[in-house]
Amino acid sequence: MKVDQHIIDRSSWDEINIDGWFKALIPPNWEVDDEEDVIIFNPDGFGELNISFLEKTANRTKRAIAGEIIAGWAEELGQQLEYESSIIKRNKNVLIMTGEFISDDTEGEIEYWRIFAIIGNKIALDINYNCDIEDRDREESIIEGIIDSIELFEENGLIEALNQDTEESE
């Protein structure tokens with residue numbers, strides 16, 4: 001589902017730029033923690049977006065990579081046999097696929113998970129949002145607005161940044 005700008009007014013949202021890898025719009029009361037992975041959250045909110053970066057494998061379709069990300073989450077959440085995923089945005093530069101899951105956490109609470117796989121021509125984002133099941137609709141339109149606003153900076157080359165990090169750690 002493409003988020004309609006008329007439904008969610010993002011004109012007052014702040015633009016964030018994560019190390020030249022992607023930019024997005026977030027509401028003014030939301031924060032970003034990018035110490036390790038990227039976490040976007042409202043300190044007074046109900047859940048958080050966790051974003052991991054992946055290098056896109058050559059000779060693999062965007063749809064195949066997105067499907068593997070969603071399937072990986074299904075397996076991790078114990079739902080590999082029964083889940084649905086759907087493409088919510090597709091153009092020549094990006095494909096966004098999403099899936100929804102409900103699972104028990106370690107304390108017996110029921111959690112809602114929304115997974116997004118954003119696949120570009122060179123990089124991919126593995127994004128998850130989770131919260132208590134009873135709060136699943138409270139931030140949904142904001143989460144969809146953030147996801148819809150993401151633009152990948154592939155010309156700067158995440159691959160070069162990843163290679164530089166690997167060389168520094170050796």
# chains A, B, ... in the order shown; residues from 1 in each chain; ligands from 1
$ select_by_dssp --residues "chain A" --states "alpha helix (DSSP H)" --output "PyMOL selection string"
chain A and resi 62-76+140-149+158-169
$ closest_atom_pairs --of "region 20-123 of chain A" --to "region 134-138 of chain A" --cutoff "12 Å" --atoms "only C-alpha atoms" --output "tab-separated table"
residue	atom	partner	partner_atom	distance
A:Asn42	CA	A:Arg138	CA	11.8
A:Asp44	CA	A:Arg138	CA	11.9
A:Gly45	CA	A:Arg138	CA	8.7
A:Phe46	CA	A:Asp135	CA	6.6
A:Gly47	CA	A:Asp135	CA	8.5
A:Glu48	CA	A:Arg136	CA	11.5
A:Glu100	CA	A:Arg136	CA	10.4
A:Phe101	CA	A:Arg136	CA	10.8
A:Ile102	CA	A:Arg136	CA	10.1
A:Glu109	CA	A:Glu134	CA	10.5
A:Ile110	CA	A:Glu134	CA	8.6
A:Glu111	CA	A:Glu134	CA	8.4
A:Tyr112	CA	A:Arg136	CA	6.2
A:Trp113	CA	A:Arg136	CA	8.4
A:Arg114	CA	A:Arg136	CA	9.1
$ closest_atom_pairs --of "region 8-67 of chain A" --to "region 85-98 of chain A" --cutoff "12 Å" --atoms "only C-alpha atoms" --output "CSV"
residue,atom,partner,partner_atom,distance
A:Lys56,CA,A:Val94,CA,11.8
A:Thr61,CA,A:Leu95,CA,10.0
A:Lys62,CA,A:Leu95,CA,6.5
A:Arg63,CA,A:Leu95,CA,7.2
A:Ala64,CA,A:Met97,CA,10.5
A:Ile65,CA,A:Met97,CA,9.9
A:Ala66,CA,A:Met97,CA,6.2
A:Gly67,CA,A:Met97,CA,7.6
$ residues_around --residues "Glu154 (chain A)" --least-positions-apart "4" --cutoff "8 Å" --atoms "only C-alpha atoms" --output "VMD selection string"
chain A and resid 21 120 to 123 158
$ write_last_selection --atoms "N, CA, C and O atoms" --output "mmCIF file, in the first residue's frame"
data_model
loop_
_atom_site.group_PDB
_atom_site.id
_atom_site.type_symbol
_atom_site.label_atom_id
_atom_site.label_comp_id
_atom_site.auth_asym_id
_atom_site.auth_seq_id
_atom_site.Cartn_x
_atom_site.Cartn_y
_atom_site.Cartn_z
ATOM 1 N N TRP A 21 23.592 6.568 3.520
ATOM 2 C CA TRP A 21 23.046 5.307 2.998
ATOM 3 C C TRP A 21 21.591 5.468 2.595
ATOM 4 O O TRP A 21 21.146 4.931 1.605
ATOM 5 N N GLY A 120 17.046 -2.113 -3.024
ATOM 6 C CA GLY A 120 17.461 -1.225 -4.098
ATOM 7 C C GLY A 120 18.291 -1.986 -5.111
ATOM 8 O O GLY A 120 18.332 -3.217 -5.111
ATOM 9 N N ASN A 121 18.977 -1.247 -5.956
ATOM 10 C CA ASN A 121 19.807 -1.884 -6.978
ATOM 11 C C ASN A 121 21.128 -2.410 -6.413
ATOM 12 O O ASN A 121 21.694 -3.355 -6.955
ATOM 13 N N LYS A 122 21.617 -1.802 -5.311
ATOM 14 C CA LYS A 122 22.892 -2.227 -4.729
ATOM 15 C C LYS A 122 22.806 -2.576 -3.256
ATOM 16 O O LYS A 122 23.632 -3.320 -2.749
ATOM 17 N N ILE A 123 21.848 -1.983 -2.537
ATOM 18 C CA ILE A 123 21.721 -2.245 -1.107
ATOM 19 C C ILE A 123 20.299 -2.630 -0.756
ATOM 20 O O ILE A 123 19.370 -2.427 -1.534
ATOM 21 N N LEU A 158 27.111 1.878 -0.360
ATOM 22 C CA LEU A 158 27.197 1.183 0.915
ATOM 23 C C LEU A 158 28.284 0.118 0.850
ATOM 24 O O LEU A 158 28.970 -0.133 1.823
#
$ select_by_dssp --residues "region 81-161 of chain A" --states "strand (DSSP E)" --output "ChimeraX atom specification"
/A:85-90,95-104,110-119,123-132,151-152
$ write_last_selection --atoms "C-alpha atoms" --output "PDB file, in the first residue's frame"
ATOM      1  CA  SER A  85       3.739 -11.096   2.423  1.00  0.00           C
ATOM      2  CA  SER A  86       2.916  -8.428  -0.098  1.00  0.00           C
ATOM      3  CA  ILE A  87       4.669  -5.896  -2.284  1.00  0.00           C
ATOM      4  CA  ILE A  88       3.647  -2.388  -1.255  1.00  0.00           C
ATOM      5  CA  LYS A  89       5.877  -0.363  -3.580  1.00  0.00           C
ATOM      6  CA  ARG A  90       7.723  -1.192  -6.777  1.00  0.00           C
ATOM      7  CA  LEU A  95      10.978  -2.809  -4.196  1.00  0.00           C
ATOM      8  CA  ILE A  96       9.320  -2.786  -0.772  1.00  0.00           C
ATOM      9  CA  MET A  97       7.775  -5.991   0.560  1.00  0.00           C
ATOM     10  CA  THR A  98       6.092  -6.379   3.935  1.00  0.00           C
ATOM     11  CA  GLY A  99       4.825  -9.149   6.182  1.00  0.00           C
ATOM     12  CA  GLU A 100       2.987  -9.188   9.514  1.00  0.00           C
ATOM     13  CA  PHE A 101       3.451 -11.654  12.367  1.00  0.00           C
ATOM     14  CA  ILE A 102       2.113 -12.271  15.845  1.00  0.00           C
ATOM     15  CA  SER A 103       4.321 -14.133  18.300  1.00  0.00           C
ATOM     16  CA  ASP A 104       4.858 -14.828  21.983  1.00  0.00           C
ATOM     17  CA  ILE A 110       1.870 -11.465  22.642  1.00  0.00           C
ATOM     18  CA  GLU A 111       3.797  -9.216  20.259  1.00  0.00           C
ATOM     19  CA  TYR A 112       2.957  -7.773  16.868  1.00  0.00           C
ATOM     20  CA  TRP A 113       5.739  -7.683  14.250  1.00  0.00           C
ATOM     21  CA  ARG A 114       5.711  -5.810  10.942  1.00  0.00           C
ATOM     22  CA  ILE A 115       8.634  -6.566   8.659  1.00  0.00           C
ATOM     23  CA  PHE A 116       9.695  -4.450   5.684  1.00  0.00           C
ATOM     24  CA  ALA A 117      12.297  -5.418   3.115  1.00  0.00           C
ATOM     25  CA  ILE A 118      13.449  -2.438   1.056  1.00  0.00           C
ATOM     26  CA  ILE A 119      15.568  -3.611  -1.852  1.00  0.00           C
ATOM     27  CA  ILE A 123      21.721  -2.245  -1.107  1.00  0.00           C
ATOM     28  CA  ALA A 124      18.853  -3.570   0.942  1.00  0.00           C
ATOM     29  CA  LEU A 125      17.282  -2.619   4.263  1.00  0.00           C
ATOM     30  CA  ASP A 126      15.869  -5.236   6.625  1.00  0.00           C
ATOM     31  CA  ILE A 127      13.415  -3.313   8.807  1.00  0.00           C
ATOM     32  CA  ASN A 128      11.297  -4.592  11.667  1.00  0.00           C
ATOM     33  CA  TYR A 129       8.772  -2.895  13.906  1.00  0.00           C
ATOM     34  CA  ASN A 130       7.362  -4.585  16.964  1.00  0.00           C
ATOM     35  CA  CYS A 131       5.055  -3.684  19.829  1.00  0.00           C
ATOM     36  CA  ASP A 132       2.482  -5.291  22.118  1.00  0.00           C
ATOM     37  CA  GLU A 151      15.205   6.989  -0.242  1.00  0.00           C
ATOM     38  CA  LEU A 152      18.329   4.882  -0.726  1.00  0.00           C
TER      39      LEU A 152
END
$ closest_residue --among "A:Glu139, A:Asp9, A:Glu107, A:Glu55" --to "Trp30 (chain A)" --atoms "only C-alpha atoms"
A:Glu139
